[in-house]
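Peer 1: So I've got this file, start-v8.cif, and it contains mmCIF, C-alpha atoms and all ligand atoms:
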data_input
#
loop_
_atom_site.label_atom_id
_atom_site.label_comp_id
_atom_site.auth_asym_id
_atom_site.auth_seq_id
_atom_site.Cartn_x
_atom_site.Cartn_y
_atom_site.Cartn_z
CA MET A 1 113.27 83.29 76.24
CA THR A 2 113.11 83.92 79.97
CA GLN A 3 109.63 84.88 81.04
CA THR A 4 109.13 87.90 83.26
CA VAL A 5 106.43 88.03 85.92
CA LEU A 6 105.54 91.20 87.81
CA ALA A 7 104.33 90.59 91.36
CA THR A 8 102.66 93.51 93.14
CA GLY A 9 102.94 93.04 96.90
CA GLY A 10 105.71 90.54 96.21
CA ALA A 11 107.47 91.34 99.50
CA GLY A 12 104.49 90.33 101.65
CA TYR A 13 103.76 87.01 103.32
CA ILE A 14 102.12 85.29 100.36
CA GLY A 15 103.93 87.37 97.74
CA SER A 16 107.41 86.41 98.99
CA HIS A 17 106.55 82.71 98.70
CA VAL A 18 105.10 83.20 95.22
CA VAL A 19 108.26 85.06 94.17
CA ALA A 20 110.51 82.29 95.55
CA GLU A 21 108.56 79.63 93.62
CA LEU A 22 108.65 81.67 90.40
CA LEU A 23 112.40 82.24 90.69
CA ALA A 24 112.88 78.52 91.29
CA THR A 25 111.39 77.86 87.82
CA GLY A 26 114.01 80.14 86.24
CA ARG A 27 111.73 83.12 85.61
CA ARG A 28 112.66 86.71 86.10
CA VAL A 29 110.51 88.32 88.79
CA VAL A 30 109.88 92.02 89.32
CA ILE A 31 108.39 93.05 92.65
CA ILE A 32 106.44 96.26 93.15
CA ASP A 33 105.99 96.89 96.86
CA ASP A 34 105.82 99.92 99.12
CA PHE A 35 106.79 97.86 102.22
CA SER A 36 103.75 99.17 104.09
CA ASN A 37 103.23 95.67 105.51
CA ALA A 38 106.51 93.97 104.64
CA ASP A 39 110.10 94.05 105.79
CA PRO A 40 112.56 95.47 103.17
CA ASP A 41 114.95 92.75 104.32
CA VAL A 42 112.73 90.14 102.66
CA ILE A 43 114.41 90.72 99.27
CA ASP A 44 117.75 89.59 100.74
CA ARG A 45 116.09 86.70 102.52
CA ILE A 46 114.50 85.51 99.25
CA ALA A 47 117.94 85.73 97.61
CA ARG A 48 119.45 83.65 100.43
CA ILE A 49 117.11 80.77 99.58
CA GLY A 50 119.41 80.29 96.58
CA VAL A 51 116.94 80.43 93.70
CA GLY A 52 117.86 83.92 92.47
CA ARG A 53 117.15 87.51 93.34
CA PRO A 54 114.00 89.43 92.37
CA GLU A 55 114.14 92.89 90.81
CA LEU A 56 112.53 95.59 92.92
CA VAL A 57 110.54 98.68 91.97
CA GLU A 58 109.71 100.34 95.26
CA GLY A 59 106.42 102.20 95.28
CA ASP A 60 102.67 102.25 95.55
CA VAL A 61 100.58 100.47 92.91
CA ARG A 62 98.23 103.45 92.85
CA ASP A 63 101.07 105.52 91.35
CA PRO A 64 100.88 105.36 87.51
CA ALA A 65 104.44 106.73 87.19
CA ARG A 66 105.88 103.83 89.24
CA LEU A 67 103.84 101.35 87.22
CA ASP A 68 105.01 102.88 83.94
CA ALA A 69 108.60 102.70 85.23
CA ALA A 70 108.20 98.98 85.98
CA PHE A 71 106.46 98.07 82.70
CA GLY A 72 108.86 100.31 80.76
CA ARG A 73 111.98 98.70 82.24
CA PHE A 74 110.96 95.04 82.02
CA PRO A 75 109.23 93.02 79.27
CA VAL A 76 106.44 91.76 81.53
CA ASP A 77 104.62 88.61 80.34
CA ALA A 78 102.20 88.25 83.23
CA VAL A 79 101.15 90.09 86.38
CA ILE A 80 100.27 88.63 89.77
CA HIS A 81 98.37 91.23 91.77
CA LEU A 82 98.85 90.58 95.48
CA ALA A 83 99.23 94.12 96.83
CA GLY A 84 96.44 95.19 99.13
CA LEU A 85 95.20 95.63 102.67
CA LYS A 86 93.78 92.52 104.33
CA ALA A 87 92.66 93.03 107.91
CA VAL A 88 88.90 92.57 108.28
CA GLY A 89 88.51 94.57 111.53
CA GLU A 90 90.60 97.46 110.22
CA SER A 91 88.46 97.55 107.06
CA VAL A 92 85.30 98.01 109.17
CA ALA A 93 86.94 100.88 111.09
CA ASP A 94 88.40 102.58 108.00
CA PRO A 95 86.46 101.49 104.90
CA LEU A 96 87.52 104.43 102.73
CA ARG A 97 91.18 103.50 103.12
CA TYR A 98 90.36 99.95 102.01
CA HIS A 99 88.46 101.16 98.98
CA ASP A 100 91.17 103.66 98.14
CA VAL A 101 94.12 101.26 98.45
CA ASN A 102 92.53 98.03 97.18
CA LEU A 103 90.23 99.34 94.46
CA GLY A 104 92.44 102.32 93.54
CA GLY A 105 95.48 100.03 93.30
CA ALA A 106 93.68 97.47 91.16
CA VAL A 107 92.27 100.03 88.72
CA ALA A 108 95.62 101.83 88.34
CA LEU A 109 97.38 98.50 87.75
CA PHE A 110 94.87 97.26 85.17
CA GLN A 111 95.05 100.62 83.34
CA ALA A 112 98.84 100.30 83.22
CA MET A 113 98.54 96.72 81.91
CA VAL A 114 96.25 97.96 79.11
CA ARG A 115 98.66 100.85 78.33
CA HIS A 116 101.59 98.46 78.07
CA GLY A 117 99.76 95.64 76.27
CA VAL A 118 100.17 93.12 79.13
CA ARG A 119 97.16 90.82 79.11
CA ARG A 120 97.82 88.00 81.57
CA LEU A 121 96.65 88.52 85.13
CA VAL A 122 96.48 86.43 88.28
CA PHE A 123 94.49 88.14 91.01
CA SER A 124 94.92 87.39 94.69
CA SER A 125 91.30 86.95 95.76
CA SER A 126 89.87 85.25 98.83
CA ALA A 127 87.26 82.77 99.98
CA THR A 128 85.81 85.81 101.73
CA VAL A 129 83.92 86.47 98.45
CA TYR A 130 81.60 83.57 99.39
CA GLY A 131 80.34 85.62 102.37
CA ALA A 132 78.48 83.28 104.74
CA PRO A 133 78.65 80.03 102.71
CA ARG A 134 75.34 78.15 102.51
CA SER A 135 77.03 74.81 101.96
CA SER A 136 80.50 73.32 102.30
CA PRO A 137 82.73 72.31 100.53
CA ILE A 138 82.41 75.44 98.43
CA VAL A 139 82.52 75.37 94.62
CA GLU A 140 83.39 78.45 92.55
CA ALA A 141 79.78 78.70 91.29
CA ALA A 142 78.49 79.17 94.86
CA PRO A 143 76.63 82.42 95.58
CA LEU A 144 78.89 85.41 96.21
CA GLY A 145 78.56 88.12 98.84
CA ALA A 146 80.72 90.05 101.24
CA LEU A 147 80.38 90.55 104.98
CA ASN A 148 82.75 93.49 105.45
CA PRO A 149 84.54 96.24 103.47
CA TYR A 150 87.67 94.09 102.98
CA GLY A 151 85.59 91.30 101.46
CA ARG A 152 83.71 93.80 99.33
CA THR A 153 86.96 95.10 97.83
CA LYS A 154 87.97 91.53 96.83
CA LEU A 155 84.56 90.91 95.27
CA MET A 156 84.49 94.28 93.51
CA ILE A 157 87.97 93.75 92.05
CA GLU A 158 86.84 90.38 90.65
CA GLN A 159 83.86 92.18 89.10
CA ILE A 160 86.09 94.92 87.65
CA ILE A 161 88.16 92.18 85.97
CA ASP A 162 84.93 90.54 84.72
CA ASP A 163 84.10 93.85 83.02
CA LEU A 164 87.63 94.33 81.69
CA VAL A 165 87.80 90.94 79.92
CA VAL A 166 84.57 91.75 78.07
CA ALA A 167 86.04 95.02 76.78
CA GLU A 168 89.46 93.44 76.10
CA PRO A 169 88.84 89.88 74.85
CA ALA A 170 92.57 89.25 74.45
CA PHE A 171 92.89 89.65 78.23
CA ALA A 172 93.04 86.46 80.32
CA SER A 173 92.67 86.42 84.08
CA VAL A 174 92.49 83.93 86.92
CA SER A 175 91.13 85.03 90.31
CA LEU A 176 92.59 82.74 92.94
CA ARG A 177 90.28 82.44 95.93
CA TYR A 178 92.55 81.58 98.85
CA PHE A 179 91.24 79.68 101.83
CA ASN A 180 93.43 79.97 104.98
CA PRO A 181 97.17 80.23 104.15
CA VAL A 182 99.51 79.20 106.97
CA GLY A 183 103.06 77.91 107.42
CA ALA A 184 106.32 79.23 106.05
CA HIS A 185 109.04 78.42 103.54
CA ALA A 186 110.92 75.19 104.32
CA SER A 187 114.18 77.21 104.50
CA GLY A 188 112.83 79.13 107.50
CA LEU A 189 113.98 82.34 105.76
CA ILE A 190 110.58 83.77 104.85
CA GLY A 191 107.23 83.57 106.61
CA GLU A 192 104.49 85.68 108.11
CA LEU A 193 105.57 88.70 110.16
CA PRO A 194 102.35 89.99 111.70
CA ARG A 195 102.58 93.53 113.05
CA GLY A 196 101.08 93.96 116.51
CA VAL A 197 98.55 91.49 117.89
CA PRO A 198 97.78 88.85 115.24
CA ASN A 199 94.19 88.59 113.98
CA ASN A 200 94.58 85.14 112.47
CA LEU A 201 94.66 81.84 114.28
CA PHE A 202 98.05 80.40 113.30
CA PRO A 203 100.20 83.46 114.07
CA TYR A 204 98.38 83.73 117.40
CA ILE A 205 98.96 80.04 118.20
CA ALA A 206 102.64 80.37 117.21
CA GLN A 207 103.16 83.42 119.44
CA THR A 208 101.37 81.66 122.32
CA ALA A 209 103.59 78.58 121.93
CA ALA A 210 106.58 80.94 121.91
CA GLY A 211 105.44 82.62 125.13
CA VAL A 212 104.95 86.02 123.46
CA ARG A 213 101.21 85.78 124.25
CA ALA A 214 99.94 84.24 127.48
CA ARG A 215 96.81 82.43 126.25
CA LEU A 216 94.88 81.96 123.02
CA SER A 217 91.19 82.87 122.93
CA VAL A 218 89.20 80.28 120.99
CA PHE A 219 86.32 82.22 119.49
CA GLY A 220 83.21 80.10 120.06
CA GLY A 221 82.75 76.54 121.32
CA ASP A 222 79.13 76.15 120.28
CA TYR A 223 79.27 76.01 116.48
CA PRO A 224 77.49 73.13 114.73
CA THR A 225 80.83 71.40 114.06
CA PRO A 226 82.17 68.11 115.52
CA ASP A 227 83.92 69.76 118.50
CA GLY A 228 81.99 73.06 118.51
CA THR A 229 84.90 75.23 117.26
CA GLY A 230 85.20 76.84 113.82
CA VAL A 231 86.41 74.70 110.91
CA ARG A 232 88.69 76.10 108.18
CA ASP A 233 90.58 74.83 105.17
CA TYR A 234 94.19 75.65 106.09
CA ILE A 235 96.63 75.52 103.19
CA HIS A 236 100.43 75.54 103.33
CA VAL A 237 101.71 78.80 101.85
CA ALA A 238 104.15 76.84 99.63
CA ASP A 239 101.23 74.91 98.09
CA LEU A 240 99.38 78.19 97.67
CA ALA A 241 102.43 79.72 95.96
CA GLN A 242 102.66 76.73 93.60
CA GLY A 243 98.98 77.30 92.76
CA HIS A 244 100.01 80.75 91.45
CA LEU A 245 102.69 79.17 89.32
CA ALA A 246 100.14 76.77 87.88
CA ALA A 247 97.80 79.68 87.09
CA VAL A 248 100.61 81.61 85.36
CA ASP A 249 101.48 78.51 83.29
CA PHE A 250 97.81 78.15 82.32
CA LEU A 251 97.61 81.77 81.15
CA LEU A 252 100.97 81.77 79.36
CA ALA A 253 99.91 78.62 77.49
CA GLY A 254 97.20 80.82 75.93
CA GLU A 255 94.32 79.48 78.03
CA GLY A 256 91.49 81.46 79.59
CA LYS A 257 91.30 84.32 77.04
CA GLY A 258 88.36 86.71 77.37
CA ARG A 259 87.57 85.29 80.80
CA ASN A 260 88.24 85.90 84.46
CA THR A 261 88.30 82.35 85.79
CA PRO A 262 87.70 81.99 89.55
CA VAL A 263 89.69 79.14 91.11
CA ASN A 264 89.67 77.98 94.73
CA LEU A 265 93.03 77.28 96.36
CA GLY A 266 92.48 75.06 99.38
CA CYS A 267 93.11 71.48 100.49
CA GLY A 268 89.48 70.41 100.53
CA ARG A 269 89.87 69.28 104.15
CA GLY A 270 88.81 71.24 107.23
CA TYR A 271 90.38 71.40 110.69
CA SER A 272 88.75 72.83 113.79
CA VAL A 273 90.45 75.36 116.04
CA LEU A 274 91.04 72.66 118.67
CA GLU A 275 92.48 70.23 116.09
CA SER A 276 94.79 73.01 114.88
CA ILE A 277 95.97 73.73 118.43
CA ARG A 278 96.71 70.03 119.01
CA ALA A 279 98.60 69.71 115.72
CA PHE A 280 100.68 72.78 116.57
CA GLU A 281 101.45 71.49 120.08
CA ARG A 282 102.73 68.25 118.53
CA ALA A 283 104.91 70.08 116.00
CA ALA A 284 106.34 72.57 118.50
CA GLY A 285 106.58 70.23 121.47
CA ARG A 286 105.10 73.02 123.56
CA ALA A 287 101.73 73.66 125.19
CA VAL A 288 99.36 76.27 123.77
CA PRO A 289 97.15 77.37 126.70
CA TYR A 290 93.70 78.51 125.60
CA ASP A 291 90.27 79.59 126.82
CA ILE A 292 87.04 79.09 124.93
CA VAL A 293 85.35 82.49 124.75
CA ALA A 294 82.41 84.06 122.88
CA ARG A 295 82.14 83.80 119.09
CA ARG A 296 83.89 86.51 117.06
CA PRO A 297 81.28 88.60 115.20
CA GLY A 298 81.18 87.81 111.48
CA ASP A 299 82.77 84.33 111.76
CA VAL A 300 81.15 81.36 110.05
CA ALA A 301 81.07 77.80 111.43
CA GLU A 302 82.80 76.15 108.50
CA CYS A 303 84.62 77.25 105.35
CA VAL A 304 86.17 74.46 103.27
CA ALA A 305 87.09 74.51 99.57
CA ASP A 306 86.13 72.18 96.82
CA PRO A 307 89.53 72.42 95.08
CA SER A 308 88.65 70.25 92.07
CA ARG A 309 88.63 73.06 89.50
CA ALA A 310 92.31 73.83 90.20
CA ALA A 311 93.09 70.15 89.68
CA GLU A 312 91.11 69.98 86.43
CA LEU A 313 92.39 73.24 84.89
CA PHE A 314 95.95 73.37 86.22
CA GLY A 315 96.73 69.88 87.44
CA TRP A 316 97.41 71.49 90.82
CA ARG A 317 96.59 70.11 94.22
CA ALA A 318 97.82 70.92 97.72
CA ARG A 319 100.36 68.32 98.87
CA ARG A 320 101.31 69.42 102.39
CA GLY A 321 99.22 68.41 105.40
CA ILE A 322 98.53 70.04 108.75
CA ASP A 323 101.64 68.59 110.44
CA GLU A 324 103.94 70.13 107.83
CA MET A 325 102.05 73.44 108.04
CA CYS A 326 102.59 73.53 111.82
CA ALA A 327 106.22 72.36 111.67
CA ASP A 328 107.20 75.00 109.09
CA HIS A 329 105.24 77.73 110.85
CA TRP A 330 106.99 76.84 114.12
CA ALA A 331 110.45 76.65 112.49
CA PHE A 332 110.01 80.21 111.21
CA GLN A 333 108.69 81.46 114.57
CA SER A 334 111.65 79.81 116.35
CA ARG A 335 114.14 81.51 114.03
CA LEU A 336 112.46 84.85 114.69
CA MET A 337 112.91 84.35 118.41
CA ALA A 338 116.54 83.35 118.00
CA SER A 339 117.42 86.38 115.86
N1 LIG B 401 90.25 82.01 115.80
C1 LIG B 401 90.30 81.84 117.16
N2 LIG B 401 91.15 82.64 117.88
C2 LIG B 401 91.94 83.60 117.31
C3 LIG B 401 91.89 83.76 115.91
C4 LIG B 401 91.02 82.95 115.18
O1 LIG B 401 89.59 81.00 117.73
O2 LIG B 401 92.67 84.29 118.04
C5 LIG B 401 89.38 81.13 115.00
C6 LIG B 401 88.32 81.84 114.19
O3 LIG B 401 87.16 82.05 114.97
C7 LIG B 401 88.13 80.86 113.03
C8 LIG B 401 89.52 80.26 112.83
O4 LIG B 401 90.19 80.46 114.06
O5 LIG B 401 87.24 79.82 113.40
C9 LIG B 401 90.31 80.91 111.71
O6 LIG B 401 90.37 82.30 111.92
P1 LIG B 401 91.35 83.26 111.09
O7 LIG B 401 91.17 84.65 111.61
O8 LIG B 401 92.72 82.70 111.08
O9 LIG B 401 90.81 83.12 109.61
P2 LIG B 401 89.37 83.46 109.02
O10 LIG B 401 88.87 82.19 108.42
O11 LIG B 401 88.49 84.16 109.95
O12 LIG B 401 89.78 84.56 107.95
C10 LIG B 401 90.46 84.21 106.79
C11 LIG B 401 91.29 85.39 106.28
C12 LIG B 401 90.42 86.53 105.88
C13 LIG B 401 89.33 86.06 104.96
C14 LIG B 401 88.58 84.90 105.59
C15 LIG B 401 87.51 84.32 104.73
O13 LIG B 401 92.17 85.83 107.27
O14 LIG B 401 91.21 87.45 105.17
O15 LIG B 401 89.51 83.86 105.86
O16 LIG B 401 88.05 83.80 103.60
F1 LIG B 401 88.46 87.07 104.76
#
Take the structure in the file and write it out as structure tokens.
Ligand code: UFG

Peer 2:
Amino acid sequence: MTQTVLATGGAGYIGSHVVAELLATGRRVVIIDDFSNADPDVIDRIARIGVGRPELVEGDVRDPARLDAAFGRFPVDAVIHLAGLKAVGESVADPLRYHDVNLGGAVALFQAMVRHGVRRLVFSSSATVYGAPRSSPIVEAAPLGALNPYGRTKLMIEQIIDDLVVAEPAFASVSLRYFNPVGAHASGLIGELPRGVPNNLFPYIAQTAAGVRARLSVFGGDYPTPDGTGVRDYIHVADLAQGHLAAVDFLLAGEGKGRNTPVNLGCGRGYSVLESIRAFERAAGRAVPYDIVARRPGDVAECVADPSRAAELFGWRARRGIDEMCADHWAFQSRLMAS
């Protein structure tokens, strides 16, 4: 029988790639999204990839009536919870909104899952739950902590799931801790559409290469890293999406019951800001002018995953390297400029 997966936030940057990968395996996918940070057009663009069309329930995950409508209409086998706010700076300025949307959404969703007897959950967590990592590469057993309200919501949702699986031992959950997702779908049809000035490095580099921004600010040139700039574990969004598929397969095979298993999704290889700029310049064939400026408050020198648990549990590993990440990111940016 065709399996049905419900993806909250399925119209967003990561969600749309997860949905495309799920459809490509022949599953039915139901998206719940309120389009607060996504373009409604994305549903058509996913369909144009040629792997099928997702079902859509438009609404807010904090709304129990919308959730009941979705669970009532479709025989959901597993849920991937991606909906949530994700801008660190905004979370510092408006923490209550972050707690309301992220925690409120998670609790309402988990209550609906319990009401409807759906017990397989993949949660979109983040390497931000490691706070300021004491060592790198980072294993899942590393100490946890959060440096800002956004990070606290990710950590608290993981803890809420930890509590839930104790009370409901038939429940099985995987919390995927993403490192730095970049790139776009190989079709060029879906990718990241940052609103306003991008906070993250790759969208900023892409817009600078495109001439939308004059110069990139490199935040800090005096970190204890080989070239003095921050090192991150960038992961192609298609690899990240396939990591979700692997987690769903793991749960639907009956694994992980009574547990919330944290799993890193990263490549296990770090690139500095300057290395990333050079790779992007090669892929785009354009210069990315930059200035090295002061460190950004709250940034850490290095954040790289130990991705071995994902390989052991799911047989998953990231396959795409930095050149492919840059090429696909640039192809999407170029299409945006042409349209
Ligand atoms: N950077 C710049 N210039 C910019 C933007 C970023 O030099 O304009 C640098 C940062 O200082 C850092 C690197 O590029 O060294 C990556 O920065 P990003 O903002 O792209 O990513 P972060 O690692 O800071 O943040 C990401 C996610 C957060 C998450 C965090 C920790 O965006 O949601 O990882 O897991 F909280």

Peer 1: For A:Ala69, work out the shell of residues within 10 Å, counting only C-alpha atoms and skipping chain neighbours fewer than 5 positions away, then give it as a list in words.

Peer 2: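 My reading of the contact set: Val57, Pro64 and Phe74 of chain A.
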
Peer 1: Can you tell me which residues come within 8 Å of ligand LIG 401 (chain B) when counting all atoms listed in the file, ideally as a VMD selection string?

Peer 2: chain A and resid 86 to 88 126 to 131 150 to 151 178 to 180 198 to 202 204 to 205 216 to 220 229 to 232 272 to 273 292 295 to 296 299 to 303

Peer 1: Around (99.5, 92.9, 95.4) in the file's own coordinates, what residues are found within 6 Å if you use only C-alpha atoms, given back as JSON, numbers by chain?

Peer 2: {"A": [8, 9, 81, 82, 83, 84]}

Peer 1: Could you state the separation of atom CA of A:Ala78 and atom CA of A:Arg120 in Å, given to one decimal place?

Peer 2: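 Rounded to one decimal, the two atoms are 4.7 Å apart.
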
Peer 1: Work out how far apart atom CA of A:Arg335 and atom CA of A:Ile190 are and give it in Å to one decimal.

Peer 2: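 Rounded to one decimal, the two atoms are 10.1 Å apart.
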
Peer 1: Report the distance between atom CA of A:Val212 and atom CA of A:Val197 in Å, rounded to one decimal place.

Peer 2: 10.1 Å
